[in-house]
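Below is entry-v2.cif, which holds mmCIF, C-alpha atoms.
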data_input
#
loop_
_atom_site.group_PDB
_atom_site.id
_atom_site.type_symbol
_atom_site.label_atom_id
_atom_site.label_comp_id
_atom_site.auth_asym_id
_atom_site.auth_seq_id
_atom_site.Cartn_x
_atom_site.Cartn_y
_atom_site.Cartn_z
ATOM 1 C CA MET A 1 2.814 -29.577 -38.642
ATOM 2 C CA LYS A 2 0.607 -31.629 -36.291
ATOM 3 C CA LYS A 3 3.397 -31.623 -33.708
ATOM 4 C CA ILE A 4 3.520 -27.825 -33.790
ATOM 5 C CA HIS A 5 -0.258 -27.577 -33.306
ATOM 6 C CA PHE A 6 -0.096 -30.089 -30.459
ATOM 7 C CA LEU A 7 2.757 -28.199 -28.812
ATOM 8 C CA PHE A 8 0.913 -24.873 -29.188
ATOM 9 C CA ALA A 9 -2.260 -26.388 -27.701
ATOM 10 C CA LEU A 10 -0.296 -27.817 -24.797
ATOM 11 C CA ILE A 11 1.399 -24.488 -24.034
ATOM 12 C CA THR A 12 -1.949 -22.673 -24.251
ATOM 13 C CA LEU A 13 -3.550 -25.183 -21.903
ATOM 14 C CA PHE A 14 -0.839 -24.752 -19.263
ATOM 15 C CA THR A 15 -0.897 -20.969 -19.620
ATOM 16 C CA LEU A 16 -4.651 -20.689 -19.204
ATOM 17 C CA ASN A 17 -4.681 -23.201 -16.369
ATOM 18 C CA SER A 18 -2.086 -21.231 -14.420
ATOM 19 C CA CYS A 19 -4.128 -18.036 -14.787
ATOM 20 C CA SER A 20 -6.797 -19.543 -12.553
ATOM 21 C CA ILE A 21 -4.303 -19.561 -9.671
ATOM 22 C CA TYR A 22 -2.426 -16.321 -10.258
ATOM 23 C CA ASN A 23 -3.263 -13.069 -11.932
ATOM 24 C CA PHE A 24 -1.202 -10.222 -13.312
ATOM 25 C CA THR A 25 -1.180 -8.286 -10.015
ATOM 26 C CA GLY A 26 0.584 -11.089 -8.175
ATOM 27 C CA THR A 27 -2.261 -12.077 -5.892
ATOM 28 C CA GLY A 28 -3.166 -15.666 -5.399
ATOM 29 C CA LYS A 29 -6.743 -16.901 -5.493
ATOM 30 C CA ILE A 30 -8.848 -14.641 -3.264
ATOM 31 C CA ASP A 31 -11.990 -16.166 -1.769
ATOM 32 C CA ALA A 32 -13.230 -12.759 -0.648
ATOM 33 C CA LYS A 33 -15.638 -10.652 -2.681
ATOM 34 C CA THR A 34 -15.674 -7.392 -0.693
ATOM 35 C CA PHE A 35 -13.343 -5.133 1.257
ATOM 36 C CA GLN A 36 -13.625 -2.065 3.439
ATOM 37 C CA VAL A 37 -11.056 0.496 4.457
ATOM 38 C CA ASN A 38 -11.956 2.253 7.689
ATOM 39 C CA PHE A 39 -10.756 5.821 8.219
ATOM 40 C CA PHE A 40 -7.099 5.947 9.291
ATOM 41 C CA GLN A 41 -7.008 8.573 12.033
ATOM 42 C CA ASN A 42 -3.847 10.679 12.339
ATOM 43 C CA ASN A 43 -2.538 10.029 15.864
ATOM 44 C CA ALA A 44 0.982 11.311 15.203
ATOM 45 C CA ASP A 45 2.488 13.969 17.477
ATOM 46 C CA LEU A 46 2.966 16.279 14.481
ATOM 47 C CA ILE A 47 -0.351 16.765 12.703
ATOM 48 C CA GLU A 48 -0.499 17.505 8.979
ATOM 49 C CA PRO A 49 -4.135 18.265 8.067
ATOM 50 C CA GLY A 50 -5.693 15.980 5.485
ATOM 51 C CA ILE A 51 -3.125 13.186 5.383
ATOM 52 C CA ASP A 52 -5.505 10.806 7.152
ATOM 53 C CA ARG A 53 -8.077 11.157 4.363
ATOM 54 C CA THR A 54 -5.381 11.052 1.664
ATOM 55 C CA PHE A 55 -3.951 7.809 3.048
ATOM 56 C CA THR A 56 -7.374 6.170 3.445
ATOM 57 C CA LEU A 57 -8.244 6.969 -0.181
ATOM 58 C CA ALA A 58 -4.821 5.788 -1.418
ATOM 59 C CA LEU A 59 -5.330 2.398 0.245
ATOM 60 C CA GLN A 60 -8.836 2.090 -1.227
ATOM 61 C CA ASP A 61 -7.478 2.995 -4.681
ATOM 62 C CA ILE A 62 -4.730 0.373 -4.736
ATOM 63 C CA LEU A 63 -7.149 -2.358 -3.663
ATOM 64 C CA GLN A 64 -9.690 -1.340 -6.302
ATOM 65 C CA ASN A 65 -7.048 -1.053 -9.030
ATOM 66 C CA GLN A 66 -5.206 -4.306 -8.308
ATOM 67 C CA THR A 67 -8.083 -6.635 -7.410
ATOM 68 C CA ASN A 68 -11.632 -7.345 -8.527
ATOM 69 C CA LEU A 69 -12.954 -6.896 -4.967
ATOM 70 C CA ASN A 70 -15.891 -4.579 -4.327
ATOM 71 C CA LEU A 71 -15.563 -1.697 -1.862
ATOM 72 C CA VAL A 72 -18.308 -1.689 0.788
ATOM 73 C CA LYS A 73 -18.927 0.404 3.906
ATOM 74 C CA ASN A 74 -19.764 -2.405 6.358
ATOM 75 C CA GLY A 75 -19.639 -6.170 6.707
ATOM 76 C CA ALA A 76 -16.805 -6.786 4.234
ATOM 77 C CA ASP A 77 -14.886 -10.025 3.846
ATOM 78 C CA LEU A 78 -11.619 -8.079 4.203
ATOM 79 C CA THR A 79 -11.221 -5.136 6.587
ATOM 80 C CA TYR A 80 -8.336 -2.676 6.787
ATOM 81 C CA GLU A 81 -8.172 -0.343 9.762
ATOM 82 C CA GLY A 82 -5.574 1.442 11.800
ATOM 83 C CA GLU A 83 -3.975 4.814 12.375
ATOM 84 C CA ILE A 84 -1.107 7.026 11.322
ATOM 85 C CA VAL A 85 1.212 6.759 14.305
ATOM 86 C CA ASP A 86 4.188 8.864 13.239
ATOM 87 C CA TYR A 87 4.755 11.888 10.992
ATOM 88 C CA ARG A 88 8.264 13.162 11.485
ATOM 89 C CA ILE A 89 10.615 15.591 9.774
ATOM 90 C CA SER A 90 14.287 15.262 10.646
ATOM 91 C CA PRO A 91 17.585 16.561 9.254
ATOM 92 C CA MET A 92 19.579 13.916 7.387
ATOM 93 C CA THR A 93 22.859 15.398 6.178
ATOM 94 C CA ALA A 94 24.786 18.477 7.205
ATOM 95 C CA THR A 95 27.001 20.931 5.356
ATOM 96 C CA ALA A 96 30.506 21.931 6.478
ATOM 97 C CA ASP A 97 29.060 24.768 8.571
ATOM 98 C CA GLN A 98 26.698 22.367 10.424
ATOM 99 C CA GLN A 99 23.566 23.389 8.524
ATOM 100 C CA ALA A 100 21.121 20.722 7.371
ATOM 101 C CA SER A 101 21.406 20.148 3.633
ATOM 102 C CA GLN A 102 18.705 17.485 3.415
ATOM 103 C CA ASN A 103 15.596 16.684 5.439
ATOM 104 C CA ARG A 104 13.574 13.484 5.651
ATOM 105 C CA LEU A 105 9.828 13.134 6.067
ATOM 106 C CA LYS A 106 8.982 9.739 7.556
ATOM 107 C CA ILE A 107 5.452 8.416 8.016
ATOM 108 C CA LYS A 108 4.531 5.285 9.949
ATOM 109 C CA VAL A 109 1.105 3.619 9.736
ATOM 110 C CA ASN A 110 -0.223 0.874 12.006
ATOM 111 C CA VAL A 111 -2.566 -1.501 10.130
ATOM 112 C CA ARG A 112 -4.965 -4.153 11.382
ATOM 113 C CA PHE A 113 -6.090 -6.523 8.629
ATOM 114 C CA THR A 114 -8.987 -8.931 9.114
ATOM 115 C CA ASN A 115 -9.989 -11.652 6.671
ATOM 116 C CA LYS A 116 -13.370 -13.196 7.584
ATOM 117 C CA LYS A 117 -12.842 -16.005 5.070
ATOM 118 C CA LYS A 118 -9.381 -17.005 6.331
ATOM 119 C CA GLU A 119 -8.608 -15.828 9.867
ATOM 120 C CA THR A 120 -5.046 -17.147 9.699
ATOM 121 C CA ASP A 121 -4.304 -14.222 7.344
ATOM 122 C CA ASP A 122 -5.222 -11.618 10.002
ATOM 123 C CA PHE A 123 -2.393 -9.363 11.164
ATOM 124 C CA GLU A 124 -1.490 -6.143 12.918
ATOM 125 C CA LYS A 125 1.678 -4.577 11.587
ATOM 126 C CA THR A 126 3.400 -1.207 11.213
ATOM 127 C CA PHE A 127 4.447 0.038 7.774
ATOM 128 C CA GLU A 128 6.683 3.043 7.153
ATOM 129 C CA PHE A 129 8.473 4.880 4.403
ATOM 130 C CA TYR A 130 10.240 8.207 3.910
ATOM 131 C CA TYR A 131 10.913 11.010 1.436
ATOM 132 C CA ASP A 132 14.142 13.036 1.358
ATOM 133 C CA TYR A 133 14.105 16.645 0.170
ATOM 134 C CA PRO A 134 16.511 19.625 0.199
ATOM 135 C CA ALA A 135 16.602 21.518 3.485
ATOM 136 C CA THR A 136 16.266 24.769 1.528
ATOM 137 C CA THR A 137 12.789 23.656 0.370
ATOM 138 C CA GLN A 138 9.675 24.139 2.490
ATOM 139 C CA LEU A 139 7.550 21.013 2.914
ATOM 140 C CA GLN A 140 4.357 22.446 1.497
ATOM 141 C CA GLY A 141 2.472 22.661 -1.787
ATOM 142 C CA ALA A 142 3.941 20.567 -4.612
ATOM 143 C CA THR A 143 6.816 19.258 -2.478
ATOM 144 C CA LEU A 144 4.410 17.958 0.167
ATOM 145 C CA SER A 145 2.112 16.437 -2.472
ATOM 146 C CA THR A 146 5.046 14.657 -4.120
ATOM 147 C CA ALA A 147 6.330 13.417 -0.750
ATOM 148 C CA LEU A 148 2.935 12.090 0.345
ATOM 149 C CA LYS A 149 2.336 10.384 -2.996
ATOM 150 C CA GLU A 150 5.707 8.617 -2.924
ATOM 151 C CA ILE A 151 5.359 7.582 0.722
ATOM 152 C CA PHE A 152 1.734 6.451 0.446
ATOM 153 C CA ASP A 153 2.381 4.590 -2.838
ATOM 154 C CA ARG A 154 5.082 2.545 -1.118
ATOM 155 C CA ILE A 155 3.177 1.952 2.124
ATOM 156 C CA THR A 156 -0.069 0.952 0.392
ATOM 157 C CA GLN A 157 1.828 -1.406 -1.940
ATOM 158 C CA ASP A 158 3.507 -2.982 1.098
ATOM 159 C CA ILE A 159 0.103 -3.407 2.789
ATOM 160 C CA PHE A 160 -1.326 -4.933 -0.393
ATOM 161 C CA ASN A 161 1.620 -7.348 -0.645
ATOM 162 C CA GLU A 162 1.354 -8.363 3.008
ATOM 163 C CA SER A 163 -2.414 -8.896 2.975
ATOM 164 C CA LEU A 164 -3.135 -10.283 -0.502
ATOM 165 C CA ALA A 165 -0.019 -10.964 -2.551
ATOM 166 C CA LYS A 166 1.820 -12.815 0.260
ATOM 167 C CA TRP A 167 5.230 -11.574 -0.893
#
Take the structure from the file and write it as structure tokens.
Amino acid sequence: MKKIHFLFALITLFTLNSCSIYNFTGTGKIDAKTFQVNFFQNNADLIEPGIDRTFTLALQDILQNQTNLNLVKNGADLTYEGEIVDYRISPMTATADQQASQNRLKIKVNVRFTNKKKETDDFEKTFEFYYDYPATTQLQGATLSTALKEIFDRITQDIFNESLAKW
């Protein structure tokens, strides 16, 4: 019985000790306490109103939900800034009579990340993702909302992984 208690205590000790290095979101130890996300201006040739604000808020949300960092307006330890550089709709597949049967919305975002606590983590990188939809469907309303959510979820997760999770 004492061996079982000893083994349980040992496993608990190692488990709790490892939690000080990693957490459930996959980030390592973060020395920073604050972050800021500057407005991501839409500089794409094709302008979709409101996506700049939607993307900025999506990036803030993922950082707030997956870390214990505090969002501030100025002077943060971690700063995310950049611009939407491409918003493009293109046909993907064609039918037998040369009509598009599927379209793709692709969005590309350029991000500059600055870490005041560890400058070697700084980067400037482009992230992109896409959403395919039937060519018979207009990209507006619910279809546009679904497309933006899927694209921004993927891009913001990629930014999070690159800047904090180091995956």
Residues selected by the PyMOL selection byres ((chain A and resi 41-55) around 8), written as a ChimeraX atom specification: /A:39-40,56-59,82-88,148,152
Distance criterion (all atoms listed in the file): nearest to A:Thr136 out of A:Asn65, A:Asn110, A:Phe35, A:Pro91: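 Ranking A:Asn65, A:Asn110, A:Phe35, A:Pro91 by distance to A:Thr136, first place goes to A:Pro91.
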Residues matched by the PyMOL selection byres ((chain A and resi 135) around 12) as a ChimeraX atom specification: /A:89-95,99-105,132-134,136-139,143
Selected residue, from A:Val111, A:Leu69, A:Ile159, A:Ala76, that lies nearest to A:Ile30 when counting all atoms listed in the file: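 Of the candidates, the smallest distance to A:Ile30 is held by A:Leu69.
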Sphere at (5.7, 0.0, 10.8), radius 7 Å, counting only C-alpha atoms: residues as a list in words: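 Checking each residue against the 7 Å limit leaves Lys108, Val109, Asn110, Lys125, Thr126, Phe127 and Glu128 of chain A.
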Residue members of the PyMOL selection byres ((chain A and resi 33) around 10) in the file shown, as a list in words: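 This file gives the following for the PyMOL selection byres ((chain A and resi 33) around 10): Ile30, Asp31, Ala32, Thr34, Phe35, Thr67, Asn68, Leu69, Asn70, Leu71, Val72, Ala76, Asp77, Leu78 and Lys117 of chain A.
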Which of A:Lys106, A:Phe129, A:Leu144, A:Lys73 sits closest to A:Thr156 [using all atoms listed in the file]: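 Residue with the minimum atom-to-atom distance to A:Thr156: A:Phe129.
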Please return the centre and edge lengths, in Å to one decimal, of a box with edges along x, y and z that contains all listed atoms of stretch 60-67 of chain A, widened by 5 Å on every side, as AutoDock Vina command-line options.
--center_x -7.2 --center_y -1.8 --center_z -5.1 --size_x 15.0 --size_y 19.6 --size_z 17.8
Distance of atom CA of A:Gln66 from atom CA of A:Phe113, expressed in Å to one decimal place: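 Atom CA of A:Gln66 lies at a distance of 17.1 Å from atom CA of A:Phe113.
The spacing separating atom CA of A:Glu119 from atom CA of A:Asp153 amounts to 26.4 Å.
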